[in-house]
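One file, run-v1.txt, carrying compact mmCIF, C-alpha atoms:
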# COMPACT_ATOMS: atom_id res chain seq x y z
CA MET A 1 -0.68 112.85 -7.26
CA LEU A 2 -4.26 112.49 -8.50
CA ASP A 3 -5.85 109.06 -8.80
CA LEU A 4 -7.09 109.12 -12.41
CA SER A 5 -9.08 105.92 -11.94
CA ALA A 6 -11.04 107.62 -9.16
CA LEU A 7 -11.49 110.71 -11.30
CA ARG A 8 -12.81 108.61 -14.20
CA ALA A 9 -15.31 106.98 -11.84
CA ALA A 10 -16.36 110.35 -10.41
CA ASN A 11 -16.84 111.85 -13.86
CA ALA A 12 -18.87 108.84 -15.00
CA ASN A 13 -21.04 109.14 -11.89
CA ARG A 14 -21.58 112.86 -12.43
CA PHE A 15 -22.49 112.26 -16.07
CA ALA A 16 -25.14 109.72 -15.06
CA HIS A 17 -26.86 112.36 -12.92
CA ALA A 18 -26.14 115.57 -14.89
CA LYS A 19 -28.98 117.79 -16.07
CA LEU A 20 -28.69 120.84 -18.29
CA THR A 21 -29.41 124.18 -16.62
CA ARG A 22 -28.91 126.26 -19.79
CA ALA A 23 -30.48 123.97 -22.40
CA PRO A 24 -31.62 126.78 -24.78
CA GLU A 25 -28.01 127.97 -25.05
CA PHE A 26 -26.64 124.52 -25.86
CA LYS A 27 -29.00 123.69 -28.74
CA PRO A 28 -27.81 126.17 -31.41
CA VAL A 29 -24.15 125.46 -30.62
CA ALA A 30 -24.76 121.71 -30.82
CA GLU A 31 -26.48 122.18 -34.18
CA ARG A 32 -23.36 123.90 -35.52
CA LEU A 33 -21.05 121.20 -34.17
CA VAL A 34 -23.00 118.31 -35.74
CA GLY A 35 -23.61 120.13 -39.04
CA ALA A 36 -22.65 118.06 -42.09
CA LEU A 37 -19.66 120.19 -43.15
CA ALA A 38 -18.27 120.53 -39.62
CA LYS A 39 -18.74 116.84 -38.87
CA SER A 40 -16.96 115.90 -42.08
CA ARG A 41 -13.91 117.94 -41.07
CA TYR A 42 -13.91 116.48 -37.56
CA GLU A 43 -14.17 112.97 -38.99
CA THR A 44 -11.14 113.64 -41.20
CA VAL A 45 -9.08 114.46 -38.10
CA ALA A 46 -10.61 111.53 -36.20
CA ALA A 47 -9.48 109.12 -38.91
CA ARG A 48 -5.89 110.35 -38.54
CA THR A 49 -5.78 110.41 -34.73
CA GLY A 50 -8.26 107.88 -33.34
CA VAL A 51 -9.95 110.61 -31.29
CA PRO A 52 -13.76 110.47 -31.65
CA TRP A 53 -15.08 113.24 -33.87
CA TYR A 54 -17.50 114.59 -31.25
CA VAL A 55 -14.62 114.96 -28.76
CA ILE A 56 -12.72 117.00 -31.36
CA ALA A 57 -15.85 119.09 -31.88
CA VAL A 58 -16.33 120.04 -28.22
CA ILE A 59 -12.63 120.84 -27.80
CA HIS A 60 -12.90 123.07 -30.87
CA GLN A 61 -15.84 124.87 -29.32
CA ARG A 62 -14.19 125.34 -25.92
CA GLU A 63 -10.82 126.46 -27.26
CA CYS A 64 -11.94 128.95 -29.90
CA SER A 65 -15.76 128.93 -30.22
CA GLN A 66 -15.47 126.64 -33.27
CA SER A 67 -13.48 129.19 -35.28
CA TRP A 68 -11.92 127.46 -38.29
CA ARG A 69 -9.10 129.98 -38.04
CA GLY A 70 -8.28 128.90 -34.48
CA SER A 71 -6.03 126.07 -33.33
CA LEU A 72 -7.45 123.13 -31.43
CA ALA A 73 -4.46 123.39 -29.08
CA GLN A 74 -5.09 126.83 -27.60
CA GLY A 75 -7.17 128.89 -30.03
CA ASP A 76 -4.28 130.77 -31.68
CA PRO A 77 -4.38 131.26 -35.48
CA TRP A 78 -3.04 128.07 -37.07
CA ASP A 79 -1.36 129.85 -39.99
CA ARG A 80 1.27 131.44 -37.72
CA LYS A 81 3.41 130.26 -34.82
CA SER A 82 1.38 129.97 -31.62
CA VAL A 83 2.14 132.30 -28.69
CA HIS A 84 -0.05 130.73 -26.01
CA VAL A 85 0.59 127.36 -24.36
CA PRO A 86 1.46 125.18 -26.16
CA ALA A 87 3.57 127.91 -27.73
CA GLY A 88 5.76 127.63 -30.80
CA ARG A 89 3.46 125.29 -32.76
CA GLY A 90 3.02 125.93 -36.47
CA PRO A 91 2.43 127.55 -38.79
CA PHE A 92 0.32 124.84 -40.48
CA ALA A 93 -1.06 124.43 -43.97
CA SER A 94 -4.64 123.78 -42.82
CA TRP A 95 -6.93 123.63 -39.82
CA GLU A 96 -6.92 119.84 -40.08
CA GLY A 97 -3.12 119.65 -40.01
CA CYS A 98 -3.02 121.87 -36.94
CA ALA A 99 -5.73 119.78 -35.24
CA VAL A 100 -3.78 116.56 -35.82
CA ASP A 101 -0.67 118.15 -34.31
CA ALA A 102 -2.64 119.31 -31.25
CA LEU A 103 -4.03 115.83 -30.60
CA VAL A 104 -0.89 113.85 -31.40
CA ASN A 105 2.00 116.06 -30.26
CA CYS A 106 0.60 118.27 -27.49
CA ALA A 107 -0.40 117.38 -23.91
CA PRO A 108 -2.49 115.52 -22.88
CA TYR A 109 -1.74 113.61 -26.12
CA ALA A 110 -5.37 112.72 -26.80
CA ALA A 111 -4.41 110.45 -29.71
CA ARG A 112 -2.74 108.08 -27.21
CA ASN A 113 -5.93 107.63 -25.19
CA LYS A 114 -7.47 104.17 -25.48
CA ASP A 115 -10.37 104.60 -23.05
CA TRP A 116 -13.32 106.29 -24.70
CA SER A 117 -15.86 105.20 -22.11
CA VAL A 118 -17.85 107.94 -20.38
CA GLY A 119 -15.30 108.27 -17.57
CA GLY A 120 -12.30 107.92 -19.86
CA THR A 121 -13.59 110.48 -22.37
CA LEU A 122 -14.54 113.08 -19.77
CA THR A 123 -11.27 112.69 -17.88
CA LEU A 124 -9.30 113.15 -21.12
CA LEU A 125 -11.28 116.33 -21.74
CA GLU A 126 -10.61 117.49 -18.18
CA GLN A 127 -6.88 116.83 -18.65
CA TYR A 128 -7.03 118.92 -21.83
CA ASN A 129 -7.86 121.93 -19.68
CA GLY A 130 -5.80 120.89 -16.64
CA LEU A 131 -6.42 119.03 -13.38
CA GLY A 132 -6.40 122.05 -11.07
CA TYR A 133 -10.09 121.65 -10.27
CA ALA A 134 -9.78 117.93 -9.56
CA SER A 135 -6.88 118.61 -7.18
CA ARG A 136 -9.29 120.80 -5.20
CA GLY A 137 -12.02 118.17 -5.30
CA ARG A 138 -14.17 120.47 -7.46
CA PRO A 139 -15.99 119.74 -10.73
CA SER A 140 -14.25 121.35 -13.70
CA PRO A 141 -16.34 124.02 -15.46
CA TYR A 142 -14.56 123.00 -18.69
CA LEU A 143 -16.74 119.90 -18.42
CA TRP A 144 -19.70 120.82 -16.25
CA SER A 145 -20.53 124.49 -16.84
CA GLY A 146 -24.17 124.74 -17.85
CA THR A 147 -25.18 121.63 -15.86
CA ASP A 148 -26.37 121.10 -12.30
CA GLN A 149 -23.00 119.53 -11.46
CA TYR A 150 -21.33 122.96 -11.46
CA VAL A 151 -22.18 126.07 -9.46
CA SER A 152 -19.06 128.20 -9.16
CA GLY A 153 -15.28 128.20 -8.97
CA LYS A 154 -12.94 129.21 -11.75
CA TYR A 155 -9.27 129.84 -12.46
CA VAL A 156 -9.48 133.48 -13.49
CA ARG A 157 -5.86 133.46 -14.67
CA ASP A 158 -2.91 131.09 -14.48
CA GLY A 159 -2.60 129.73 -10.94
CA VAL A 160 -5.30 132.04 -9.51
CA TYR A 161 -8.48 130.28 -8.37
CA ASP A 162 -11.61 132.26 -7.41
CA PRO A 163 -14.23 130.07 -5.66
CA ASN A 164 -16.95 132.64 -6.40
CA ALA A 165 -16.24 133.19 -10.09
CA VAL A 166 -18.62 131.47 -12.53
CA ASP A 167 -17.57 130.13 -15.92
CA LYS A 168 -19.99 131.46 -18.54
CA GLN A 169 -18.77 129.21 -21.35
CA LEU A 170 -20.76 126.10 -22.18
CA GLY A 171 -19.11 122.97 -20.81
CA CYS A 172 -18.14 119.87 -22.77
CA VAL A 173 -20.69 117.59 -21.07
CA GLY A 174 -23.66 119.77 -21.90
CA LEU A 175 -22.42 120.09 -25.47
CA ILE A 176 -22.13 116.31 -25.80
CA LEU A 177 -25.59 115.76 -24.30
CA ALA A 178 -27.12 118.31 -26.68
CA MET A 179 -25.24 116.80 -29.64
CA MET A 180 -26.47 113.31 -28.73
CA GLN A 181 -30.05 114.54 -29.07
CA LEU A 182 -29.28 115.58 -32.66
CA ASP A 183 -26.93 112.81 -33.82
CA ALA A 184 -27.62 109.21 -32.80
CA SER A 185 -24.15 108.10 -33.97
CA ILE A 186 -22.55 109.70 -30.91
CA LYS A 187 -21.85 106.92 -28.43
CA PHE A 188 -19.24 106.30 -25.77
CA GLY A 189 -17.04 103.22 -25.87
CA ALA A 190 -17.14 100.34 -23.42
CA THR A 191 -15.96 101.01 -19.89
CA ALA A 192 -12.41 99.81 -19.23
CA ALA A 193 -12.21 96.90 -16.76
CA ASN A 194 -10.53 98.88 -13.98
CA ASP A 195 -12.91 101.79 -14.33
CA ASP A 196 -15.89 99.45 -14.36
CA SER A 197 -15.08 98.12 -10.89
CA ALA A 198 -14.47 101.63 -9.61
CA SER A 199 -17.79 102.79 -11.11
CA LYS A 200 -19.62 99.91 -9.41
CA THR A 201 -18.09 100.97 -6.10
CA VAL A 202 -19.37 104.50 -6.68
CA ALA A 203 -22.85 103.26 -7.62
CA LYS A 204 -23.00 100.95 -4.58
CA SER A 205 -21.96 103.66 -2.15
CA GLY A 206 -24.05 106.37 -3.81
CA GLN A 207 -21.11 108.75 -3.54
CA SER A 208 -18.70 110.27 -6.03
CA VAL A 209 -15.12 109.13 -5.69
CA ILE A 210 -13.40 112.51 -5.70
CA PRO A 211 -9.60 112.50 -5.53
CA PRO A 212 -8.41 114.14 -2.30
CA HIS A 213 -6.62 117.45 -2.32
CA PRO A 214 -2.83 116.85 -2.45
CA ASP A 215 -2.46 118.70 0.86
CA ALA A 216 -5.09 116.61 2.64
CA ALA A 217 -3.90 114.80 5.76
CA PRO A 218 -3.38 111.03 5.32
CA ASN A 219 -5.76 108.63 6.99
CA ALA A 220 -4.95 108.15 10.70
CA PRO A 221 -3.55 104.72 11.70
CA SER A 222 -6.13 102.28 13.06
CA ILE A 223 -6.39 98.68 14.26
CA THR A 224 -7.22 97.50 10.75
CA HIS A 225 -4.67 99.82 9.11
CA PRO A 226 -1.73 100.14 11.53
CA ALA A 227 1.10 102.54 10.81
CA ALA A 228 4.03 101.03 8.93
CA GLY A 229 6.83 99.88 11.27
CA SER A 230 4.61 99.95 14.36
CA ILE A 231 4.03 97.10 16.86
CA GLY A 232 0.51 96.85 15.48
CA ALA A 233 1.88 96.26 11.99
CA TRP A 234 4.23 93.53 13.36
CA ILE A 235 1.34 91.78 15.14
CA ALA A 236 -0.82 91.98 12.00
CA GLN A 237 2.00 90.42 9.97
CA LEU A 238 2.43 87.65 12.58
CA LEU A 239 -1.30 86.87 12.48
CA GLN A 240 -1.12 86.58 8.70
CA VAL A 241 1.68 83.98 9.06
CA PHE A 242 -0.38 81.93 11.54
CA LYS A 243 -3.41 82.20 9.26
CA LYS A 244 -1.49 80.84 6.26
CA ALA A 245 0.03 78.03 8.36
CA ALA A 246 -3.43 76.95 9.49

Transcribe the structure of this file into structure tokens.
Amino acid sequence: MLDLSALRAANANRFAHAKLTRAPEFKPVAERLVGALAKSRYETVAARTGVPWYVIAVIHQRECSQSWRGSLAQGDPWDRKSVHVPAGRGPFASWEGCAVDALVNCAPYAARNKDWSVGGTLTLLEQYNGLGYASRGRPSPYLWSGTDQYVSGKYVRDGVYDPNAVDKQLGCVGLILAMMQLDASIKFGATAANDDSASKTVAKSGQSVIPPHPDAAPNAPSITHPAAGSIGAWIAQLLQVFKKAA
């Protein structure tokens, strides 16, 4: 099982060092996303869900290239029942109604998220697309495509990962960075207490805390971390008793 605290710290660390590699492509898309009419519609959904409007905007771009006929959940037309996952949603009376349903009633239930710090926001966005990349210890192109934090690796279809494939879509991080240059109101929330300590650990070590692959071998027993049930563990426990008695 992935350590989401570690993933939040890793995403925050990547964000602090990320640079756009396709800046000219991001600018016109960012201009569309922060446009007055688009922003007003995103803010309407934000008011009903608690999800920041710019997060709704980048999801809209990734899922259906900001089509107002496409669902925020998976890009299917919102005026008919969806056929892609999550399937069976709708039809809805409006794009806004469909967007609220996607954020409130569909995984990863973005409306329930309370951590809108850098790490919390980016990890929510990564969960929106799935944690398959994180389970491999790889940066998700859903977030990082178009930045120097991503080179290659892509799920070309469900369950099929190609390490050499390159995602051509613009990632959420680059979109947010480009939007921030155009709209000063876009700001992340405060870092949650637990994530803050994890982020400090990352900054101190100079390394990203990347969750290990689920199939990775566990750490080997050592003097400081003896195997459970071993003589070493019994001796360590005995020393702790003597230490407390002293």

Quick one: contact table of region 132-204 of chain A to region 18-24 of chain A, 9 Å max, nearest atom pair and distance in Å to one decimal per residue, counting all atoms listed in the file, chain and number order, as JSON lines?
{"residue": "A:Trp144", "atom": "CA", "partner": "A:Ala18", "partner_atom": "CA", "distance": 8.4}
{"residue": "A:Ser145", "atom": "CA", "partner": "A:Thr21", "partner_atom": "CA", "distance": 8.9}
{"residue": "A:Gly146", "atom": "CA", "partner": "A:Arg22", "partner_atom": "CA", "distance": 5.3}
{"residue": "A:Thr147", "atom": "CA", "partner": "A:Leu20", "partner_atom": "CA", "distance": 4.3}
{"residue": "A:Asp148", "atom": "CA", "partner": "A:Lys19", "partner_atom": "CA", "distance": 5.7}
{"residue": "A:Gln149", "atom": "CA", "partner": "A:Ala18", "partner_atom": "CA", "distance": 6.1}
{"residue": "A:Leu170", "atom": "CA", "partner": "A:Arg22", "partner_atom": "CA", "distance": 8.5}
{"residue": "A:Val173", "atom": "CA", "partner": "A:Ala18", "partner_atom": "CA", "distance": 8.5}
{"residue": "A:Gly174", "atom": "CA", "partner": "A:Leu20", "partner_atom": "CA", "distance": 6.3}
{"residue": "A:Leu177", "atom": "CA", "partner": "A:Leu20", "partner_atom": "CA", "distance": 8.5}
{"residue": "A:Ala178", "atom": "CA", "partner": "A:Ala23", "partner_atom": "CA", "distance": 7.9}

For this session: Find the distance between CA of Ser5 (chain A) and CA of Ala134 (chain A) and write it in Å to one decimal.
Result: 12.3 Å

Problem set entry | Within 6 Å of file point (-13.7, 113.1, -34.9), counting all atoms listed in the file, expressed as an MDAnalysis selection string | chainID A and resid 42:43 45:46 51:54 56

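With distances taken over all atoms listed in the file, A:Arg41 is the one residue among A:Arg8, A:Arg136, A:Arg41, A:Lys114 lying closest to Trp68 (chain A).
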
For this session: Would you list the contacts of Lys154 (chain A) as a list in words, taking every protein, DNA or RNA residue within 6 Å and counting only C-alpha atoms, but skipping same-chain residues closer than 3 positions in sequence?
Result: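 Result of the neighbour search: Tyr161, Asp162 and Ala165 of chain A.
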
For this session: Tell me which of A:Gly159, A:Val118, A:Pro28, A:Lys187 sits closest to Leu131 (chain A), counting all atoms listed in the file.
Result: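 Among the listed residues, the smallest separation from Leu131 (chain A) belongs to A:Gly159.
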
Problem set entry | Nearest candidate to Arg112 (chain A) (options A:Ala36, A:Ala12, A:Leu124, A:Ile186; using only C-alpha atoms) | A:Leu124
